[in-house]
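Everything below belongs to run-v6.pdb, which stores PDB, C-alpha atoms.
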MODEL        1
ATOM      1  CA  ALA A   1       2.390 -26.786   0.336  1.00  0.00           C
ATOM      2  CA  GLN A   2       2.311 -23.981  -2.188  1.00  0.00           C
ATOM      3  CA  LYS A   3       5.766 -22.565  -2.539  1.00  0.00           C
ATOM      4  CA  VAL A   4       7.874 -20.599  -4.997  1.00  0.00           C
ATOM      5  CA  THR A   5      11.649 -20.534  -4.848  1.00  0.00           C
ATOM      6  CA  GLN A   6      13.838 -18.067  -6.668  1.00  0.00           C
ATOM      7  CA  ALA A   7      17.281 -19.249  -5.704  1.00  0.00           C
ATOM      8  CA  GLN A   8      19.125 -16.332  -7.312  1.00  0.00           C
ATOM      9  CA  THR A   9      18.995 -13.425  -4.908  1.00  0.00           C
ATOM     10  CA  GLU A  10      20.970 -11.057  -7.107  1.00  0.00           C
ATOM     11  CA  ILE A  11      22.270 -11.167 -10.656  1.00  0.00           C
ATOM     12  CA  SER A  12      24.498  -8.586 -12.276  1.00  0.00           C
ATOM     13  CA  VAL A  13      25.344  -8.611 -15.983  1.00  0.00           C
ATOM     14  CA  VAL A  14      26.656  -6.225 -18.565  1.00  0.00           C
ATOM     15  CA  GLU A  15      24.270  -4.679 -21.043  1.00  0.00           C
ATOM     16  CA  LYS A  16      23.463  -6.809 -24.114  1.00  0.00           C
ATOM     17  CA  GLU A  17      24.141 -10.072 -22.287  1.00  0.00           C
ATOM     18  CA  ASP A  18      21.367 -12.645 -22.066  1.00  0.00           C
ATOM     19  CA  VAL A  19      20.209 -13.499 -18.564  1.00  0.00           C
ATOM     20  CA  THR A  20      17.924 -16.199 -17.162  1.00  0.00           C
ATOM     21  CA  LEU A  21      16.033 -15.898 -13.919  1.00  0.00           C
ATOM     22  CA  ASP A  22      15.113 -19.211 -12.322  1.00  0.00           C
ATOM     23  CA  CYS A  23      11.812 -20.067 -10.674  1.00  0.00           C
ATOM     24  CA  VAL A  24      10.926 -23.415  -9.099  1.00  0.00           C
ATOM     25  CA  TYR A  25       7.508 -24.070  -7.637  1.00  0.00           C
ATOM     26  CA  GLU A  26       5.700 -26.609  -5.481  1.00  0.00           C
ATOM     27  CA  THR A  27       1.958 -27.109  -5.661  1.00  0.00           C
ATOM     28  CA  ARG A  28      -0.659 -29.634  -4.640  1.00  0.00           C
ATOM     29  CA  ASP A  29      -2.969 -28.567  -7.470  1.00  0.00           C
ATOM     30  CA  THR A  30      -3.245 -30.382 -10.782  1.00  0.00           C
ATOM     31  CA  THR A  31      -4.258 -27.177 -12.525  1.00  0.00           C
ATOM     32  CA  TYR A  32      -2.410 -24.058 -11.546  1.00  0.00           C
ATOM     33  CA  TYR A  33      -1.249 -20.672 -12.745  1.00  0.00           C
ATOM     34  CA  LEU A  34       2.175 -19.065 -12.656  1.00  0.00           C
ATOM     35  CA  PHE A  35       3.082 -15.409 -13.020  1.00  0.00           C
ATOM     36  CA  TRP A  36       6.046 -13.105 -13.368  1.00  0.00           C
ATOM     37  CA  TYR A  37       6.048  -9.546 -12.077  1.00  0.00           C
ATOM     38  CA  LYS A  38       8.660  -6.808 -12.420  1.00  0.00           C
ATOM     39  CA  GLN A  39       9.374  -4.250  -9.711  1.00  0.00           C
ATOM     40  CA  PRO A  40      11.575  -1.449 -11.083  1.00  0.00           C
ATOM     41  CA  PRO A  41      13.407   0.985  -8.779  1.00  0.00           C
ATOM     42  CA  SER A  42      10.330   3.242  -8.815  1.00  0.00           C
ATOM     43  CA  GLY A  43       8.575   0.566  -6.748  1.00  0.00           C
ATOM     44  CA  GLU A  44       5.447  -0.396  -8.628  1.00  0.00           C
ATOM     45  CA  LEU A  45       4.682  -4.022  -9.498  1.00  0.00           C
ATOM     46  CA  VAL A  46       4.215  -4.645 -13.188  1.00  0.00           C
ATOM     47  CA  PHE A  47       2.476  -7.764 -14.464  1.00  0.00           C
ATOM     48  CA  LEU A  48       4.514  -9.533 -17.155  1.00  0.00           C
ATOM     49  CA  ILE A  49       2.951 -12.890 -17.871  1.00  0.00           C
ATOM     50  CA  ARG A  50       0.445 -15.507 -16.735  1.00  0.00           C
ATOM     51  CA  ARG A  51       0.905 -19.155 -17.663  1.00  0.00           C
ATOM     52  CA  ASN A  52      -1.480 -21.994 -16.922  1.00  0.00           C
ATOM     53  CA  SER A  53      -0.305 -25.513 -16.208  1.00  0.00           C
ATOM     54  CA  PHE A  54      -2.033 -27.152 -19.157  1.00  0.00           C
ATOM     55  CA  ASP A  55      -0.216 -24.993 -21.695  1.00  0.00           C
ATOM     56  CA  GLU A  56       3.440 -25.943 -21.843  1.00  0.00           C
ATOM     57  CA  GLN A  57       4.291 -23.890 -24.905  1.00  0.00           C
ATOM     58  CA  ASN A  58       7.067 -21.447 -24.354  1.00  0.00           C
ATOM     59  CA  GLU A  59       6.167 -17.787 -24.635  1.00  0.00           C
ATOM     60  CA  ILE A  60       8.127 -15.012 -26.284  1.00  0.00           C
ATOM     61  CA  SER A  61       7.408 -11.323 -26.069  1.00  0.00           C
ATOM     62  CA  GLY A  62      10.060  -9.187 -27.674  1.00  0.00           C
ATOM     63  CA  ARG A  63      13.285  -9.686 -25.736  1.00  0.00           C
ATOM     64  CA  TYR A  64      11.472 -11.623 -23.017  1.00  0.00           C
ATOM     65  CA  SER A  65      10.858 -15.358 -23.103  1.00  0.00           C
ATOM     66  CA  TRP A  66       9.542 -17.856 -20.617  1.00  0.00           C
ATOM     67  CA  ASN A  67      10.318 -21.564 -20.395  1.00  0.00           C
ATOM     68  CA  PHE A  68       7.723 -23.648 -18.553  1.00  0.00           C
ATOM     69  CA  GLN A  69       8.808 -27.196 -17.675  1.00  0.00           C
ATOM     70  CA  LYS A  70       6.261 -29.200 -15.706  1.00  0.00           C
ATOM     71  CA  SER A  71       8.664 -32.123 -15.356  1.00  0.00           C
ATOM     72  CA  THR A  72      11.058 -30.013 -13.299  1.00  0.00           C
ATOM     73  CA  SER A  73       8.417 -27.671 -11.814  1.00  0.00           C
ATOM     74  CA  SER A  74      10.188 -24.675 -13.254  1.00  0.00           C
ATOM     75  CA  PHE A  75       9.088 -21.491 -14.959  1.00  0.00           C
ATOM     76  CA  ASN A  76      12.229 -19.638 -15.984  1.00  0.00           C
ATOM     77  CA  PHE A  77      12.423 -16.172 -17.476  1.00  0.00           C
ATOM     78  CA  THR A  78      15.053 -15.113 -20.002  1.00  0.00           C
ATOM     79  CA  ILE A  79      15.884 -11.605 -21.111  1.00  0.00           C
ATOM     80  CA  THR A  80      17.774 -11.482 -24.374  1.00  0.00           C
ATOM     81  CA  ALA A  81      20.140  -8.606 -25.141  1.00  0.00           C
ATOM     82  CA  SER A  82      19.539  -7.044 -21.743  1.00  0.00           C
ATOM     83  CA  GLN A  83      19.226  -3.287 -21.347  1.00  0.00           C
ATOM     84  CA  VAL A  84      19.796  -0.984 -18.392  1.00  0.00           C
ATOM     85  CA  VAL A  85      16.020  -0.419 -18.184  1.00  0.00           C
ATOM     86  CA  ASP A  86      15.610  -4.117 -17.379  1.00  0.00           C
ATOM     87  CA  SER A  87      17.211  -3.490 -13.986  1.00  0.00           C
ATOM     88  CA  ALA A  88      14.564  -4.395 -11.420  1.00  0.00           C
ATOM     89  CA  VAL A  89      13.498  -6.996  -8.907  1.00  0.00           C
ATOM     90  CA  TYR A  90      11.640  -9.799 -10.629  1.00  0.00           C
ATOM     91  CA  PHE A  91       9.102 -11.948  -8.825  1.00  0.00           C
ATOM     92  CA  CYS A  92       7.755 -15.316  -9.796  1.00  0.00           C
ATOM     93  CA  ALA A  93       4.382 -16.190  -8.268  1.00  0.00           C
ATOM     94  CA  LEU A  94       2.006 -19.126  -8.034  1.00  0.00           C
ATOM     95  CA  ARG A  95      -1.724 -18.763  -7.600  1.00  0.00           C
ATOM     96  CA  ASP A  96      -2.886 -20.618  -4.515  1.00  0.00           C
ATOM     97  CA  GLN A  97      -6.451 -21.807  -4.997  1.00  0.00           C
ATOM     98  CA  GLN A  98      -7.317 -22.270  -1.389  1.00  0.00           C
ATOM     99  CA  GLN A  99     -10.976 -23.091  -0.786  1.00  0.00           C
ATOM    100  CA  GLY A 100     -12.074 -21.125  -3.800  1.00  0.00           C
ATOM    101  CA  ALA A 101     -10.179 -18.008  -2.851  1.00  0.00           C
ATOM    102  CA  GLN A 102      -7.254 -17.050  -5.000  1.00  0.00           C
ATOM    103  CA  LYS A 103      -4.072 -15.496  -3.741  1.00  0.00           C
ATOM    104  CA  LEU A 104      -0.587 -15.114  -5.123  1.00  0.00           C
ATOM    105  CA  VAL A 105       2.282 -16.847  -3.380  1.00  0.00           C
ATOM    106  CA  PHE A 106       5.444 -15.000  -4.329  1.00  0.00           C
ATOM    107  CA  GLY A 107       9.038 -16.100  -4.517  1.00  0.00           C
ATOM    108  CA  GLN A 108      11.691 -14.096  -2.739  1.00  0.00           C
ATOM    109  CA  GLY A 109      12.503 -12.096  -5.845  1.00  0.00           C
ATOM    110  CA  THR A 110      15.672 -11.774  -7.905  1.00  0.00           C
ATOM    111  CA  ARG A 111      17.349  -8.393  -8.079  1.00  0.00           C
ATOM    112  CA  LEU A 112      18.678  -7.946 -11.595  1.00  0.00           C
ATOM    113  CA  THR A 113      21.221  -5.235 -12.300  1.00  0.00           C
ATOM    114  CA  ILE A 114      22.200  -4.452 -15.859  1.00  0.00           C
ATOM    115  CA  ASN A 115      25.421  -2.479 -16.041  1.00  0.00           C
ATOM    116  CA  PRO A 116      26.171  -0.204 -18.990  1.00  0.00           C
TER     117      PRO A 116
ATOM    118  CA  ASP B   1      -5.572   6.923 -16.662  1.00  0.00           C
ATOM    119  CA  THR B   2      -4.463   5.237 -13.467  1.00  0.00           C
ATOM    120  CA  ALA B   3      -5.799   1.692 -13.211  1.00  0.00           C
ATOM    121  CA  VAL B   4      -5.197   0.989  -9.521  1.00  0.00           C
ATOM    122  CA  SER B   5      -4.459   3.994  -7.343  1.00  0.00           C
ATOM    123  CA  GLN B   6      -3.518   4.276  -3.705  1.00  0.00           C
ATOM    124  CA  THR B   7      -3.363   7.227  -1.357  1.00  0.00           C
ATOM    125  CA  PRO B   8      -1.209   8.288   0.243  1.00  0.00           C
ATOM    126  CA  LYS B   9       2.016   7.196  -1.454  1.00  0.00           C
ATOM    127  CA  TYR B  10       4.030   7.878   1.678  1.00  0.00           C
ATOM    128  CA  LEU B  11       2.838   7.793   5.265  1.00  0.00           C
ATOM    129  CA  VAL B  12       5.033   8.616   8.236  1.00  0.00           C
ATOM    130  CA  THR B  13       3.444   8.352  11.642  1.00  0.00           C
ATOM    131  CA  GLN B  14       4.191   7.610  15.250  1.00  0.00           C
ATOM    132  CA  MET B  15       3.612   4.439  17.191  1.00  0.00           C
ATOM    133  CA  GLY B  16       0.148   4.135  18.613  1.00  0.00           C
ATOM    134  CA  ASN B  17      -1.558   6.222  15.939  1.00  0.00           C
ATOM    135  CA  ASP B  18      -4.383   5.032  13.708  1.00  0.00           C
ATOM    136  CA  LYS B  19      -4.083   5.466   9.959  1.00  0.00           C
ATOM    137  CA  SER B  20      -5.888   4.530   6.762  1.00  0.00           C
ATOM    138  CA  ILE B  21      -4.746   3.760   3.234  1.00  0.00           C
ATOM    139  CA  LYS B  22      -7.207   4.093   0.386  1.00  0.00           C
ATOM    140  CA  CYS B  23      -7.319   2.088  -2.819  1.00  0.00           C
ATOM    141  CA  GLU B  24      -9.413   2.568  -5.917  1.00  0.00           C
ATOM    142  CA  GLN B  25      -9.494   0.713  -9.214  1.00  0.00           C
ATOM    143  CA  ASN B  26     -11.150   1.902 -12.413  1.00  0.00           C
ATOM    144  CA  LEU B  27     -10.774  -1.392 -14.283  1.00  0.00           C
ATOM    145  CA  GLY B  28     -14.223  -2.755 -13.470  1.00  0.00           C
ATOM    146  CA  HIS B  29     -12.635  -5.655 -11.589  1.00  0.00           C
ATOM    147  CA  ASP B  30     -14.616  -7.528  -8.967  1.00  0.00           C
ATOM    148  CA  THR B  31     -11.774  -8.745  -6.744  1.00  0.00           C
ATOM    149  CA  MET B  32      -9.364  -6.624  -4.751  1.00  0.00           C
ATOM    150  CA  TYR B  33      -6.425  -7.448  -2.484  1.00  0.00           C
ATOM    151  CA  TRP B  34      -4.008  -6.039   0.044  1.00  0.00           C
ATOM    152  CA  TYR B  35      -0.412  -7.269   0.114  1.00  0.00           C
ATOM    153  CA  LYS B  36       2.421  -6.327   2.432  1.00  0.00           C
ATOM    154  CA  GLN B  37       6.022  -6.062   1.239  1.00  0.00           C
ATOM    155  CA  ASP B  38       8.599  -6.108   4.007  1.00  0.00           C
ATOM    156  CA  SER B  39      12.075  -4.624   4.063  1.00  0.00           C
ATOM    157  CA  LYS B  40      13.484  -7.741   2.421  1.00  0.00           C
ATOM    158  CA  LYS B  41      11.054  -7.288  -0.484  1.00  0.00           C
ATOM    159  CA  PHE B  42       8.999 -10.314   0.515  1.00  0.00           C
ATOM    160  CA  LEU B  43       5.383  -9.998  -0.625  1.00  0.00           C
ATOM    161  CA  LYS B  44       2.551 -11.584   1.304  1.00  0.00           C
ATOM    162  CA  ILE B  45      -1.212 -11.491   0.924  1.00  0.00           C
ATOM    163  CA  MET B  46      -3.171  -9.902   3.733  1.00  0.00           C
ATOM    164  CA  PHE B  47      -6.769  -9.684   2.552  1.00  0.00           C
ATOM    165  CA  SER B  48      -8.921 -10.275  -0.482  1.00  0.00           C
ATOM    166  CA  TYR B  49     -12.416  -9.052  -1.287  1.00  0.00           C
ATOM    167  CA  ASN B  50     -14.669 -10.376  -4.007  1.00  0.00           C
ATOM    168  CA  ASN B  51     -17.716  -8.250  -4.799  1.00  0.00           C
ATOM    169  CA  LYS B  52     -17.333  -6.515  -1.431  1.00  0.00           C
ATOM    170  CA  GLU B  53     -17.193  -9.840   0.410  1.00  0.00           C
ATOM    171  CA  LEU B  54     -14.108 -10.799   2.414  1.00  0.00           C
ATOM    172  CA  ILE B  55     -12.730 -14.054   1.011  1.00  0.00           C
ATOM    173  CA  ILE B  56      -9.152 -14.140   2.268  1.00  0.00           C
ATOM    174  CA  ASN B  57      -8.032 -13.068   5.693  1.00  0.00           C
ATOM    175  CA  GLU B  58      -4.519 -14.255   6.322  1.00  0.00           C
ATOM    176  CA  THR B  59      -2.951 -14.326   9.748  1.00  0.00           C
ATOM    177  CA  VAL B  60      -2.961 -10.602  10.222  1.00  0.00           C
ATOM    178  CA  PRO B  61      -3.285  -8.817  13.579  1.00  0.00           C
ATOM    179  CA  ASN B  62      -6.824  -7.613  14.127  1.00  0.00           C
ATOM    180  CA  ARG B  63      -5.448  -4.086  14.333  1.00  0.00           C
ATOM    181  CA  PHE B  64      -5.700  -4.266  10.539  1.00  0.00           C
ATOM    182  CA  SER B  65      -9.214  -3.907   9.213  1.00  0.00           C
ATOM    183  CA  PRO B  66     -10.086  -3.778   5.539  1.00  0.00           C
ATOM    184  CA  LYS B  67     -13.268  -2.149   4.311  1.00  0.00           C
ATOM    185  CA  SER B  68     -14.801  -2.340   0.872  1.00  0.00           C
ATOM    186  CA  PRO B  69     -17.589   0.220   0.415  1.00  0.00           C
ATOM    187  CA  ASP B  70     -18.071  -0.880  -3.192  1.00  0.00           C
ATOM    188  CA  LYS B  71     -16.387  -3.055  -5.805  1.00  0.00           C
ATOM    189  CA  ALA B  72     -14.044  -0.278  -6.894  1.00  0.00           C
ATOM    190  CA  HIS B  73     -12.669   0.574  -3.456  1.00  0.00           C
ATOM    191  CA  LEU B  74     -10.782  -1.316  -0.789  1.00  0.00           C
ATOM    192  CA  ASN B  75      -9.423   0.629   2.152  1.00  0.00           C
ATOM    193  CA  LEU B  76      -7.091  -0.534   4.887  1.00  0.00           C
ATOM    194  CA  HIS B  77      -7.360   0.859   8.375  1.00  0.00           C
ATOM    195  CA  ILE B  78      -4.623   0.187  10.904  1.00  0.00           C
ATOM    196  CA  ASN B  79      -5.102   0.827  14.614  1.00  0.00           C
ATOM    197  CA  SER B  80      -2.399   1.311  17.233  1.00  0.00           C
ATOM    198  CA  LEU B  81       0.461   1.302  14.784  1.00  0.00           C
ATOM    199  CA  GLU B  82       3.631  -0.559  15.754  1.00  0.00           C
ATOM    200  CA  LEU B  83       7.201  -0.294  14.507  1.00  0.00           C
ATOM    201  CA  GLY B  84       6.844  -3.684  12.814  1.00  0.00           C
ATOM    202  CA  ASP B  85       4.032  -2.361  10.638  1.00  0.00           C
ATOM    203  CA  SER B  86       6.569  -0.342   8.651  1.00  0.00           C
ATOM    204  CA  ALA B  87       6.432  -1.745   5.131  1.00  0.00           C
ATOM    205  CA  VAL B  88       5.119  -1.062   1.666  1.00  0.00           C
ATOM    206  CA  TYR B  89       1.447  -1.928   1.292  1.00  0.00           C
ATOM    207  CA  PHE B  90       0.167  -2.793  -2.150  1.00  0.00           C
ATOM    208  CA  CYS B  91      -3.391  -2.864  -3.288  1.00  0.00           C
ATOM    209  CA  ALA B  92      -4.243  -5.044  -6.295  1.00  0.00           C
ATOM    210  CA  SER B  93      -7.273  -5.981  -8.325  1.00  0.00           C
ATOM    211  CA  SER B  94      -8.222  -8.693 -10.796  1.00  0.00           C
ATOM    212  CA  ARG B  95     -11.105  -9.133 -13.224  1.00  0.00           C
ATOM    213  CA  THR B  96     -12.259 -12.164 -11.309  1.00  0.00           C
ATOM    214  CA  ARG B  97     -10.572 -14.297  -8.692  1.00  0.00           C
ATOM    215  CA  PHE B  98      -9.119 -16.352 -11.525  1.00  0.00           C
ATOM    216  CA  HIS B  99      -7.345 -13.642 -13.472  1.00  0.00           C
ATOM    217  CA  GLU B 100      -4.007 -11.884 -13.153  1.00  0.00           C
ATOM    218  CA  GLN B 101      -3.723  -9.207 -10.532  1.00  0.00           C
ATOM    219  CA  TYR B 102      -2.809  -5.615 -11.262  1.00  0.00           C
ATOM    220  CA  PHE B 103      -1.080  -3.697  -8.538  1.00  0.00           C
ATOM    221  CA  GLY B 104      -1.267  -0.130  -7.346  1.00  0.00           C
ATOM    222  CA  PRO B 105       1.891   1.960  -6.855  1.00  0.00           C
ATOM    223  CA  GLY B 106       2.212   1.023  -3.189  1.00  0.00           C
ATOM    224  CA  THR B 107       2.072   3.013   0.042  1.00  0.00           C
ATOM    225  CA  ARG B 108       5.278   3.216   2.030  1.00  0.00           C
ATOM    226  CA  LEU B 109       4.339   3.278   5.704  1.00  0.00           C
ATOM    227  CA  THR B 110       6.988   4.301   8.206  1.00  0.00           C
ATOM    228  CA  VAL B 111       6.198   4.044  11.883  1.00  0.00           C
ATOM    229  CA  THR B 112       8.561   5.928  14.191  1.00  0.00           C
TER     230      THR B 112
ENDMDL
END

Represent the structure contained in this file as structure tokens.
Amino acid sequence: AQKVTQAQTEISVVEKEDVTLDCVYETRDTTYYLFWYKQPPSGELVFLIRRNSFDEQNEISGRYSWNFQKSTSSFNFTITASQVVDSAVYFCALRDQQQGAQKLVFGQGTRLTINP
Amino acid sequence: DTAVSQTPKYLVTQMGNDKSIKCEQNLGHDTMYWYKQDSKKFLKIMFSYNNKELIINETVPNRFSPKSPDKAHLNLHINSLELGDSAVYFCASSRTRFHEQYFGPGTRLTVT
């Protein structure tokens, strides 16, 4: 079954701390795609990254970095030197390639609060 | 320039009414989606259209009917609204079925 688990429901840290959001996935596919989305308090969903299963290189974008580990079926997201503007709900998602159609299967989300 | 837009942003209505939510994308994408986000923030696919053709229809009550008049538009019509339909509905689009999805701002539907 296609499934994404974000075990951390809520995380609260003080500004400038580093924080890692965990994402574990289950898939029947040999080739698959993983995503992270951010949902700030304003409510929109913002695409952050797409990672395919045949590229295990870690990705860094400014203060954001992603660690993809096929061996543990994990795709974790780290924010370095967190800022108050990073406060949001973060979703990890897996693309389900069901009979040619493509849909995103989302984790439950992790609510991240950065305190000043 | 708004990439994926939805109207209205807020919708408050009574049980039993029929309502529509409109979605438009100006990205030139050929695939569009509707997702529902419940009060616990859980996001679930409802429908997907590729080049105006319905390709995903999850287990959704048939009171919900999507319509895609062209590749840039995907509307959602809901008949006989129920309390349980209260949620945020997100429209999304992607360049093809295989690319990342970009979401609209959401429509918060409240059924009283």

May I ask you to extract the residues of chain A within 6 Å of chain B, using all atoms listed in the file, and to give them as a PyMOL selection string? chain A and resi 44-45+102+108

Å distance separating CA of Phe77 (chain A) from CA of Ser93 (chain B), one decimal place: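 Atom-to-atom, CA of Phe77 (chain A) and CA of Ser93 (chain B) are spaced 24.0 Å apart.
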
For the PyMOL selection byres ((chain A and resi 113) around 9), applied here, can you spell out every residue it catches as a PyMOL selection string? chain A and resi 10-14+84+86-89+111-112+114-115

Give me the residues within 8 Å of Ser82 (chain A) as a ChimeraX atom specification, counting all atoms listed in the file and dropping any in the same chain fewer than 6 places off. /A:14-19,63,114

Since I can't run it myself right now, could you work out what the PyMOL selection byres ((chain B and resi 12) around 7) selects here and report it as a PDB file with C-alpha atoms, in the frame of the given file?
ATOM      1  CA  TYR B  10       4.030   7.878   1.678  1.00  0.00           C
ATOM      2  CA  LEU B  11       2.838   7.793   5.265  1.00  0.00           C
ATOM      3  CA  THR B  13       3.444   8.352  11.642  1.00  0.00           C
ATOM      4  CA  LEU B 109       4.339   3.278   5.704  1.00  0.00           C
ATOM      5  CA  THR B 110       6.988   4.301   8.206  1.00  0.00           C
ATOM      6  CA  VAL B 111       6.198   4.044  11.883  1.00  0.00           C
TER       7      VAL B 111
END

Two-atom distance - CA of Arg51 (chain A), CA of Thr27 (chain A) (Å): 14.4 Å

Taking the file as I've supplied it (selection: the PyMOL selection byres ((chain B and resi 23) around 9)), which residues are included? Please answer as a ChimeraX atom specification. /B:4-7,21-22,24-25,72-76,90-92,104

What lies within 10 Å of region 67-72 of chain A using all atoms listed in the file, ignoring chain neighbours under 5 positions off, as a ChimeraX atom specification? /A:20,22-25,34,51-60,77-78

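For the pair CA of Gly62 (chain A) and CA of Phe35 (chain A), the separation is 17.4 Å.
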
Which one is closest to Asn17 (chain B): B:Lys52, B:His77, B:His29, B:Lys36? Count all atoms listed in the file.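 Result for the nearest residue to Asn17 (chain B): B:His77.
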